[in-house]
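Structure file protein.pdb (PDB, C-alpha atoms and all ligand atoms) is printed below.
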```pdb
ATOM      1  CA  MET A 148      -2.631  -1.690  -6.165
ATOM      2  CA  GLU A 149      -5.010   0.371  -8.270
ATOM      3  CA  ILE A 150      -4.009   2.555 -11.203
ATOM      4  CA  ILE A 151      -6.085   5.724 -11.270
ATOM      5  CA  ASN A 152      -6.330   7.752 -14.464
ATOM      6  CA  ARG A 153      -9.142  10.144 -13.601
ATOM      7  CA  ARG A 154      -8.697  13.131 -11.352
ATOM      8  CA  GLN A 155     -12.275  12.802 -10.053
ATOM      9  CA  ARG A 156     -11.559   9.237  -8.865
ATOM     10  CA  MET A 157      -8.361  10.423  -7.143
ATOM     11  CA  PHE A 158     -10.351  13.211  -5.453
ATOM     12  CA  SER A 159     -12.933  10.800  -4.088
ATOM     13  CA  ILE A 160     -10.325   8.311  -2.849
ATOM     14  CA  SER A 161      -8.355  11.017  -1.081
ATOM     15  CA  ARG A 162     -11.566  12.366   0.482
ATOM     16  CA  LYS A 163     -12.304   8.898   1.870
ATOM     17  CA  LEU A 164      -8.730   8.452   3.121
ATOM     18  CA  ARG A 165      -9.016  11.722   5.022
ATOM     19  CA  ARG A 166     -12.374  10.682   6.493
ATOM     20  CA  ASP A 167     -10.761   7.425   7.654
ATOM     21  CA  ALA A 168      -7.864   9.413   9.199
ATOM     22  CA  LYS A 169      -5.256   7.587   7.125
ATOM     23  CA  THR A 170      -1.758   9.020   6.781
ATOM     24  CA  VAL A 171      -1.178   9.450   3.071
ATOM     25  CA  ALA A 172       2.235   9.756   1.418
ATOM     26  CA  LEU A 173       2.736  10.916  -2.154
ATOM     27  CA  VAL A 174       5.813  10.265  -4.272
ATOM     28  CA  PRO A 175       5.465  12.469  -7.373
ATOM     29  CA  THR A 176       7.364  11.155 -10.418
ATOM     30  CA  MET A 177       7.447  11.413 -14.173
ATOM     31  CA  GLY A 178       7.849   7.637 -14.479
ATOM     32  CA  SER A 179      10.869   5.952 -16.056
ATOM     33  CA  LEU A 180      11.566   4.789 -12.538
ATOM     34  CA  HIS A 181      15.055   3.996 -11.282
ATOM     35  CA  ALA A 182      16.596   3.094  -7.932
ATOM     36  CA  GLY A 183      16.487   6.759  -6.858
ATOM     37  CA  HIS A 184      12.675   6.810  -7.149
ATOM     38  CA  LEU A 185      12.426   3.417  -5.472
ATOM     39  CA  LYS A 186      14.374   4.746  -2.503
ATOM     40  CA  LEU A 187      11.749   7.493  -2.120
ATOM     41  CA  VAL A 188       9.026   4.856  -2.361
ATOM     42  CA  GLU A 189      10.712   2.652   0.274
ATOM     43  CA  GLU A 190      11.140   5.555   2.692
ATOM     44  CA  ALA A 191       7.582   6.728   2.115
ATOM     45  CA  ARG A 192       6.198   3.207   2.659
ATOM     46  CA  GLN A 193       7.639   3.159   6.163
ATOM     47  CA  ARG A 194       5.990   6.403   7.177
ATOM     48  CA  CYS A 195       2.399   6.208   6.029
ATOM     49  CA  ASP A 196      -0.744   4.082   5.920
ATOM     50  CA  ILE A 197      -1.460   4.689   2.259
ATOM     51  CA  LEU A 198       1.212   5.176  -0.382
ATOM     52  CA  ILE A 199       0.399   6.907  -3.652
ATOM     53  CA  VAL A 200       2.910   7.311  -6.501
ATOM     54  CA  SER A 201       2.013   9.725  -9.261
ATOM     55  CA  ILE A 202       3.351   9.168 -12.758
ATOM     56  CA  PHE A 203       2.855  12.122 -15.047
ATOM     57  CA  VAL A 204       5.230  13.468 -17.674
ATOM     58  CA  ASN A 205       4.457  17.109 -17.102
ATOM     59  CA  PRO A 206       4.593  19.043 -20.388
ATOM     60  CA  THR A 207       4.679  22.498 -18.775
ATOM     61  CA  GLN A 208       8.076  21.924 -17.147
ATOM     62  CA  PHE A 209       9.870  21.125 -20.417
ATOM     63  CA  ASN A 210      11.233  24.202 -22.146
ATOM     64  CA  ASP A 211      12.511  22.041 -25.014
ATOM     65  CA  LYS A 212       9.788  20.296 -27.017
ATOM     66  CA  SER A 213      12.076  17.538 -28.292
ATOM     67  CA  ASP A 214      13.164  16.807 -24.706
ATOM     68  CA  LEU A 215       9.486  16.216 -23.867
ATOM     69  CA  GLU A 216       8.967  14.002 -26.908
ATOM     70  CA  LYS A 217      12.104  11.969 -26.109
ATOM     71  CA  TYR A 218      11.143  11.472 -22.479
ATOM     72  CA  PRO A 219      10.864   7.694 -21.867
ATOM     73  CA  ARG A 220       7.375   6.429 -20.963
ATOM     74  CA  ASP A 221       6.517   2.873 -19.930
ATOM     75  CA  LEU A 222       3.632   2.739 -17.473
ATOM     76  CA  THR A 223       3.391  -1.062 -17.616
ATOM     77  CA  PHE A 224       7.036  -1.457 -16.599
ATOM     78  CA  ASP A 225       6.763   1.210 -13.874
ATOM     79  CA  ALA A 226       3.556  -0.300 -12.484
ATOM     80  CA  ALA A 227       5.111  -3.781 -12.330
ATOM     81  CA  LEU A 228       8.038  -2.310 -10.392
ATOM     82  CA  LEU A 229       5.793  -0.418  -7.960
ATOM     83  CA  ALA A 230       3.677  -3.503  -7.307
ATOM     84  CA  GLU A 231       6.821  -5.019  -5.712
ATOM     85  CA  TYR A 232       7.024  -2.065  -3.327
ATOM     86  CA  ASP A 233       3.587  -2.372  -1.796
ATOM     87  CA  VAL A 234       2.256   0.823  -3.361
ATOM     88  CA  ASP A 235      -1.492   1.325  -2.826
ATOM     89  CA  TYR A 236      -2.328   3.607  -5.748
ATOM     90  CA  ILE A 237      -0.638   4.865  -8.880
ATOM     91  CA  PHE A 238      -2.092   8.151 -10.048
ATOM     92  CA  ALA A 239      -1.321   8.293 -13.765
ATOM     93  CA  PRO A 240      -3.542  10.911 -15.390
ATOM     94  CA  ASP A 241      -3.517  11.921 -19.056
ATOM     95  CA  VAL A 242      -2.419  15.440 -19.960
ATOM     96  CA  GLU A 243      -6.089  16.507 -20.454
ATOM     97  CA  GLU A 244      -6.938  15.453 -16.893
ATOM     98  CA  ILE A 245      -4.360  17.821 -15.468
ATOM     99  CA  TYR A 246      -4.521  20.528 -18.119
ATOM    100  CA  PRO A 247      -8.060  20.509 -19.551
ATOM    101  CA  THR A 248      -8.966  22.749 -22.489
ATOM    102  CA  GLY A 249      -8.896  26.364 -21.408
ATOM    103  CA  PHE A 250      -6.383  25.761 -18.600
ATOM    104  CA  SER A 251      -4.772  29.103 -17.810
ATOM    105  CA  THR A 252      -3.691  29.195 -14.160
ATOM    106  CA  TYR A 253      -0.002  28.810 -13.337
ATOM    107  CA  VAL A 254       1.944  28.918 -10.086
ATOM    108  CA  ASN A 255       4.943  31.186 -10.146
ATOM    109  CA  VAL A 256       7.301  30.942  -7.174
ATOM    110  CA  GLU A 257       9.503  34.020  -7.065
ATOM    111  CA  GLY A 258      13.084  34.298  -5.796
ATOM    112  CA  VAL A 259      14.252  30.699  -5.458
ATOM    113  CA  THR A 260      13.372  29.954  -9.090
ATOM    114  CA  GLU A 261      15.491  32.683 -10.618
ATOM    115  CA  MET A 262      19.040  31.333 -10.348
ATOM    116  CA  LEU A 263      20.862  28.049 -11.174
ATOM    117  CA  GLU A 264      18.434  25.752 -13.060
ATOM    118  CA  GLY A 265      15.909  28.575 -13.310
ATOM    119  CA  ALA A 266      18.390  30.741 -15.218
ATOM    120  CA  SER A 267      19.263  27.948 -17.662
ATOM    121  CA  ARG A 268      15.741  26.558 -18.104
ATOM    122  CA  PRO A 269      13.239  29.434 -18.262
ATOM    123  CA  GLY A 270       9.703  28.381 -17.309
ATOM    124  CA  HIS A 271      10.812  25.025 -15.894
ATOM    125  CA  PHE A 272       9.952  25.792 -12.279
ATOM    126  CA  ARG A 273       6.658  27.425 -13.205
ATOM    127  CA  GLY A 274       5.701  24.057 -14.709
ATOM    128  CA  VAL A 275       6.974  22.116 -11.679
ATOM    129  CA  ALA A 276       5.217  24.436  -9.194
ATOM    130  CA  THR A 277       1.966  24.279 -11.175
ATOM    131  CA  VAL A 278       1.831  20.500 -11.439
ATOM    132  CA  VAL A 279       2.910  19.929  -7.824
ATOM    133  CA  THR A 280       0.166  22.324  -6.684
ATOM    134  CA  ILE A 281      -2.393  20.389  -8.738
ATOM    135  CA  LEU A 282      -1.098  17.052  -7.384
ATOM    136  CA  PHE A 283      -1.132  18.266  -3.783
ATOM    137  CA  ASN A 284      -4.631  19.652  -4.219
ATOM    138  CA  THR A 285      -5.864  16.407  -5.772
ATOM    139  CA  VAL A 286      -4.181  13.908  -3.433
ATOM    140  CA  ARG A 287      -3.977  16.096  -0.287
ATOM    141  CA  PRO A 288      -1.018  14.075   1.072
ATOM    142  CA  ASN A 289       0.234  14.339   4.648
ATOM    143  CA  LEU A 290       3.751  13.700   3.384
ATOM    144  CA  ALA A 291       5.404  14.162  -0.003
ATOM    145  CA  PHE A 292       8.827  12.758  -0.893
ATOM    146  CA  PHE A 293      11.489  14.354  -3.101
ATOM    147  CA  GLY A 294      15.158  13.650  -3.808
ATOM    148  CA  GLN A 295      18.015  15.915  -2.711
ATOM    149  CA  LYS A 296      19.608  15.704  -6.194
ATOM    150  CA  ASP A 297      16.991  18.221  -7.357
ATOM    151  CA  ALA A 298      17.910  20.637  -4.572
ATOM    152  CA  GLN A 299      16.370  23.683  -6.232
ATOM    153  CA  GLN A 300      13.132  21.825  -6.931
ATOM    154  CA  VAL A 301      13.037  20.966  -3.213
ATOM    155  CA  ALA A 302      13.528  24.634  -2.278
ATOM    156  CA  VAL A 303      10.767  25.685  -4.710
ATOM    157  CA  ILE A 304       8.320  23.074  -3.413
ATOM    158  CA  LYS A 305       9.036  23.910   0.230
ATOM    159  CA  ARG A 306       8.394  27.577  -0.551
ATOM    160  CA  LEU A 307       5.118  26.947  -2.366
ATOM    161  CA  THR A 308       3.910  24.533   0.331
ATOM    162  CA  LEU A 309       4.458  27.238   2.931
ATOM    163  CA  ASP A 310       3.091  30.090   0.832
ATOM    164  CA  LEU A 311      -0.057  28.301  -0.364
ATOM    165  CA  GLY A 312      -0.731  26.709   3.025
ATOM    166  CA  PHE A 313      -0.654  23.036   2.075
ATOM    167  CA  GLU A 314      -0.725  20.761   5.109
ATOM    168  CA  THR A 315       1.884  18.540   3.518
ATOM    169  CA  GLU A 316       5.245  17.796   5.030
ATOM    170  CA  ILE A 317       8.034  17.791   2.460
ATOM    171  CA  VAL A 318      10.446  14.926   3.125
ATOM    172  CA  VAL A 319      13.809  15.112   1.390
ATOM    173  CA  ILE A 320      15.726  11.897   0.782
ATOM    174  CA  PRO A 321      19.506  11.821   0.143
ATOM    175  CA  THR A 322      20.681  11.354  -3.442
ATOM    176  CA  VAL A 323      21.055   7.742  -4.540
ATOM    177  CA  ARG A 324      24.288   7.117  -6.435
ATOM    178  CA  GLN A 325      25.971   4.599  -8.702
ATOM    179  CA  LYS A 326      29.025   2.845  -7.258
ATOM    180  CA  SER A 327      31.126   5.476  -9.053
ATOM    181  CA  GLY A 328      29.279   8.220  -7.145
ATOM    182  CA  LEU A 329      27.311   9.453 -10.160
ATOM    183  CA  ALA A 330      23.850  10.590  -9.022
ATOM    184  CA  LEU A 331      21.034   8.421 -10.408
ATOM    185  CA  SER A 332      18.951  10.226 -12.996
ATOM    186  CA  SER A 333      16.660   9.227 -15.861
ATOM    187  CA  ARG A 334      19.001  11.258 -18.073
ATOM    188  CA  ASN A 335      21.959   8.917 -17.380
ATOM    189  CA  THR A 336      20.500   6.496 -19.921
ATOM    190  CA  LEU A 337      21.137   9.137 -22.612
ATOM    191  CA  LEU A 338      24.921   9.056 -21.953
ATOM    192  CA  SER A 339      27.250   6.972 -24.120
ATOM    193  CA  GLU A 340      29.290   4.302 -22.339
ATOM    194  CA  GLU A 341      32.317   6.627 -22.291
ATOM    195  CA  GLU A 342      30.329   9.647 -21.055
ATOM    196  CA  PHE A 343      28.757   7.489 -18.364
ATOM    197  CA  GLN A 344      32.233   6.469 -17.143
ATOM    198  CA  LYS A 345      33.470  10.070 -17.165
ATOM    199  CA  ALA A 346      30.371  11.541 -15.489
ATOM    200  CA  SER A 347      31.636  10.586 -12.030
ATOM    201  CA  VAL A 348      33.990  13.582 -12.344
ATOM    202  CA  ILE A 349      31.005  15.665 -11.163
ATOM    203  CA  ILE A 350      30.742  14.074  -7.736
ATOM    204  CA  ASP A 351      34.533  13.710  -7.492
ATOM    205  CA  ALA A 352      34.800  17.487  -7.938
ATOM    206  CA  LEU A 353      32.048  18.239  -5.427
ATOM    207  CA  ARG A 354      33.607  15.879  -2.896
ATOM    208  CA  GLU A 355      37.018  17.480  -3.377
ATOM    209  CA  ALA A 356      35.486  20.859  -2.488
ATOM    210  CA  LYS A 357      33.655  19.348   0.480
ATOM    211  CA  ILE A 358      36.924  17.919   1.802
ATOM    212  CA  ALA A 359      38.500  21.376   1.473
ATOM    213  CA  PHE A 360      35.509  22.775   3.413
ATOM    214  CA  LYS A 361      35.970  20.161   6.134
ATOM    215  CA  LYS A 362      39.623  21.134   6.377
ATOM    216  CA  GLY A 363      38.559  24.724   7.045
ATOM    217  CA  GLU A 364      38.117  26.433   3.669
ATOM    218  CA  ARG A 365      35.140  28.824   3.976
ATOM    219  CA  ASN A 366      35.666  31.044   0.927
ATOM    220  CA  ALA A 367      32.949  30.200  -1.614
ATOM    221  CA  ALA A 368      34.999  31.438  -4.579
ATOM    222  CA  ILE A 369      37.788  29.006  -3.690
ATOM    223  CA  LEU A 370      35.351  26.107  -3.173
ATOM    224  CA  THR A 371      33.757  26.903  -6.532
ATOM    225  CA  GLU A 372      37.146  27.039  -8.220
ATOM    226  CA  ILE A 373      38.059  23.593  -6.869
ATOM    227  CA  VAL A 374      34.945  22.149  -8.524
ATOM    228  CA  ARG A 375      35.493  23.998 -11.824
ATOM    229  CA  ASN A 376      39.153  22.981 -12.046
ATOM    230  CA  ARG A 377      38.441  19.329 -11.419
ATOM    231  CA  ILE A 378      35.622  19.178 -13.969
ATOM    232  CA  SER A 379      37.597  21.165 -16.558
ATOM    233  CA  GLY A 380      40.224  18.416 -16.386
ATOM    234  CA  GLU A 381      37.700  16.158 -18.151
ATOM    235  CA  PRO A 382      37.560  17.128 -21.847
ATOM    236  CA  LEU A 383      34.075  15.637 -22.393
ATOM    237  CA  ALA A 384      32.516  17.720 -19.618
ATOM    238  CA  LYS A 385      31.424  21.346 -19.863
ATOM    239  CA  VAL A 386      30.453  23.268 -16.740
ATOM    240  CA  ASP A 387      27.204  25.249 -16.940
ATOM    241  CA  TYR A 388      27.432  26.620 -13.405
ATOM    242  CA  VAL A 389      29.006  25.966 -10.018
ATOM    243  CA  ALA A 390      27.640  27.883  -7.050
ATOM    244  CA  VAL A 391      27.798  27.945  -3.285
ATOM    245  CA  VAL A 392      24.333  28.909  -2.048
ATOM    246  CA  ASP A 393      22.157  28.906   1.049
ATOM    247  CA  ARG A 394      20.290  25.583   1.138
ATOM    248  CA  GLU A 395      16.867  27.168   1.623
ATOM    249  CA  THR A 396      16.919  30.505  -0.178
ATOM    250  CA  LEU A 397      19.532  29.516  -2.798
ATOM    251  CA  GLN A 398      21.066  32.965  -2.430
ATOM    252  CA  PRO A 399      24.793  32.977  -3.210
ATOM    253  CA  ILE A 400      27.144  32.885  -0.244
ATOM    254  CA  GLU A 401      30.585  34.514  -0.132
ATOM    255  CA  ARG A 402      31.791  32.873   3.076
ATOM    256  CA  VAL A 403      30.157  29.739   4.415
ATOM    257  CA  GLY A 404      29.047  30.230   8.035
ATOM    258  CA  ASP A 405      27.136  27.816  10.282
ATOM    259  CA  GLU A 406      24.017  27.542   8.141
ATOM    260  CA  GLU A 407      23.350  24.658   5.775
ATOM    261  CA  ALA A 408      24.720  25.469   2.328
ATOM    262  CA  LEU A 409      25.002  23.705  -1.003
ATOM    263  CA  ILE A 410      27.700  23.442  -3.568
ATOM    264  CA  ALA A 411      25.561  22.921  -6.658
ATOM    265  CA  THR A 412      26.625  22.314 -10.219
ATOM    266  CA  ALA A 413      25.221  21.603 -13.677
ATOM    267  CA  VAL A 414      27.488  19.944 -16.206
ATOM    268  CA  VAL A 415      26.887  19.028 -19.838
ATOM    269  CA  LEU A 416      28.353  15.746 -21.060
ATOM    270  CA  GLY A 417      27.816  14.890 -24.722
ATOM    271  CA  GLY A 418      24.693  17.050 -24.881
ATOM    272  CA  VAL A 419      23.227  15.619 -21.656
ATOM    273  CA  ARG A 420      22.787  18.094 -18.810
ATOM    274  CA  LEU A 421      23.432  16.604 -15.371
ATOM    275  CA  ILE A 422      23.002  18.289 -11.997
ATOM    276  CA  ASP A 423      24.330  17.391  -8.582
ATOM    277  CA  ASN A 424      25.113  18.981  -5.238
ATOM    278  CA  VAL A 425      26.643  18.363  -1.834
ATOM    279  CA  ILE A 426      25.436  19.785   1.470
ATOM    280  CA  LEU A 427      27.748  21.682   3.822
ATOM    281  CA  ASN A 428      26.916  21.902   7.545
ATOM    282  CA  ARG A 429      24.184  19.289   7.157
ATOM    283  CA  LYS A 430      21.906  19.275  10.216
ATOM    284  CA  ALA A 431      20.749  15.945  11.639
ATOM    285  CA  VAL A 432      17.253  14.942  10.494
ATOM    286  CA  ASP A 433      14.720  14.026  13.167
ATOM    287  CA  TRP A 434      12.732  11.306  11.386
ATOM    288  CA  SER A 435      10.400  10.897  14.352
ATOM    289  CA  GLN A 436       8.877  14.244  13.373
ATOM    290  CA  SER A 437       7.998  13.008   9.891
ATOM    291  CA  CYS A 438       5.320  10.551  10.860
ATOM    292  CA  ILE A 439       1.876  11.419  12.015
TER
HETATM  293  O1  LIG B 501      11.154  15.498 -10.135
HETATM  294  C1  LIG B 501      10.278  15.162 -10.957
HETATM  295  O2  LIG B 501      10.205  14.030 -11.403
HETATM  296  C2  LIG B 501       9.260  16.208 -11.408
HETATM  297  O3  LIG B 501       9.838  17.461 -11.504
HETATM  298  C3  LIG B 501       7.990  16.253 -10.542
HETATM  299  C4  LIG B 501       8.302  16.694  -9.126
HETATM  300  C5  LIG B 501       7.339  14.884 -10.503
HETATM  301  C6  LIG B 501       6.991  17.238 -11.120
HETATM  302  O4  LIG B 501       6.628  16.907 -12.418
END
```
For this file, write the structure as structure tokens.
Amino acid sequence: MEIINRRQRMFSISRKLRRDAKTVALVPTMGSLHAGHLKLVEEARQRCDILIVSIFVNPTQFNDKSDLEKYPRDLTFDAALLAEYDVDYIFAPDVEEIYPTGFSTYVNVEGVTEMLEGASRPGHFRGVATVVTILFNTVRPNLAFFGQKDAQQVAVIKRLTLDLGFETEIVVIPTVRQKSGLALSSRNTLLSEEEFQKASVIIDALREAKIAFKKGERNAAILTEIVRNRISGEPLAKVDYVAVVDRETLQPIERVGDEEALIATAVVLGGVRLIDNVILNRKAVDWSQSCI
């Protein structure tokens, strides 16, 4: 496993990999790796010749400066972990490699970035779309892996991949959860012991609504209310939003039809903002299509 810091070196390796007709998978991360990331790495490993994990704490996607400063960074620990997973390259550039002096080009995905997380975190998706574009252009992966927990990020990246014509297949891996059901997230480490225990109310609420859906409830307002009521029963938790939306466009839905939809929520627990979602009408995934 080689750790690459320079963008030029990454360019020349990816050029060679393309010449050699290798299937390249990229798992983009901001480090501070947990079992959710490792699941992406495991899945990616099975579907490519060469596996590249990027570790870059992307400043342009943080709208809160102190959030960026607080973000945990430990490349040595992350690299030791990835070495166990048969990763070929870690791409871990400095900020100046990605955003050199004078940098002034940003990628703005319209529509899917405007609601949910986009409404609460202005500029966040511009930063995500910009860095993912730079990573895709540098690594030129055949496949790139993302987690379903960040459902809006997935929708944004699928949109930009299509719009900018990247030949990269976006593979979405189901959310990895604690035993309690709480979705794994780097932010969970910021919760107190009590908040951590109570945070499973988020998935309990989403699952309650999904059960109602399975029993025939199609009215989005009622499904939303089920989630709100359950979470409101937990005094430590404060709902930011609950929404029933189309899985791809993220447009709100009034009645759920046959298309894939999400019930998505953001909840603040003791100052920590957590997001999660469940999929309604999930279509079967044909994994055989994901490998070249
Ligand atoms: O999901 C993340 O960790 C980040 O948003 C990503 C995709 C690596 C871009 O910085």
Applying 6 Å and all atoms listed in the file, which residues near region 193-207 of chain A remain after dropping the ones on its own chain fewer than 3 positions away? List them as a ChimeraX atom specification. /A:169-178,190,234-239,274,438
Written as number ranges by chain, which residues does the PyMOL selection byres (((chain A and resi 337) around 12) and not hetatm) give for the file shown? A: 214, 217-219, 332-336, 338-343, 346, 415-421
Would you compute an axis-aligned box for ligand LIG 501 (chain B), covering every atom listed for it in the file with 4 Å of margin on each side, and report centre and edge lengths in Å to one decimal as AutoDock Vina command-line options?
```
--center_x 8.9 --center_y 15.7 --center_z -10.8 --size_x 12.5 --size_y 11.4 --size_z 11.3
```
* **region 358-366 of chain A surroundings by all atoms listed in the file, 6 Å radius, close-in-sequence under 3 positions cut, as a VMD selection string** => chain A and resid 355 369 402 to 403
Env of Asn255 (chain A): 8 Å cut, atoms = only C-alpha atoms, seq-sep filter 3 positions within chain, self excluded. Answer as an mmCIF file with C-alpha atoms, keeping the file's coordinate frame.
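The new file out-v6.cif reads:
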```cif
data_model
loop_
_atom_site.group_PDB
_atom_site.id
_atom_site.type_symbol
_atom_site.label_atom_id
_atom_site.label_comp_id
_atom_site.auth_asym_id
_atom_site.auth_seq_id
_atom_site.Cartn_x
_atom_site.Cartn_y
_atom_site.Cartn_z
ATOM 1 C CA PHE A 272 9.952 25.792 -12.279
ATOM 2 C CA ARG A 273 6.658 27.425 -13.205
ATOM 3 C CA ALA A 276 5.217 24.436 -9.194
ATOM 4 C CA THR A 277 1.966 24.279 -11.175
#
```
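Evaluating the PyMOL selection byres (((chain A and resi 254) around 12) and not hetatm) against the shown model yields Thr207, Gln208, Ser251, Thr252, Tyr253, Asn255, Val256, Glu257, Thr260, Gly270, His271, Phe272, Arg273, Gly274, Val275, Ala276, Thr277, Val278, Val279, Thr280, Ile281, Val303, Ile304, Arg306, Leu307, Thr308, Asp310 and Leu311 of chain A.
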Output check: residues returned by the PyMOL selection byres (((chain A and resi 185) around 12) and not hetatm), as a ChimeraX atom specification: /A:174-176,178-184,186-192,200,225-226,228-234,292-294,320,322-323,331
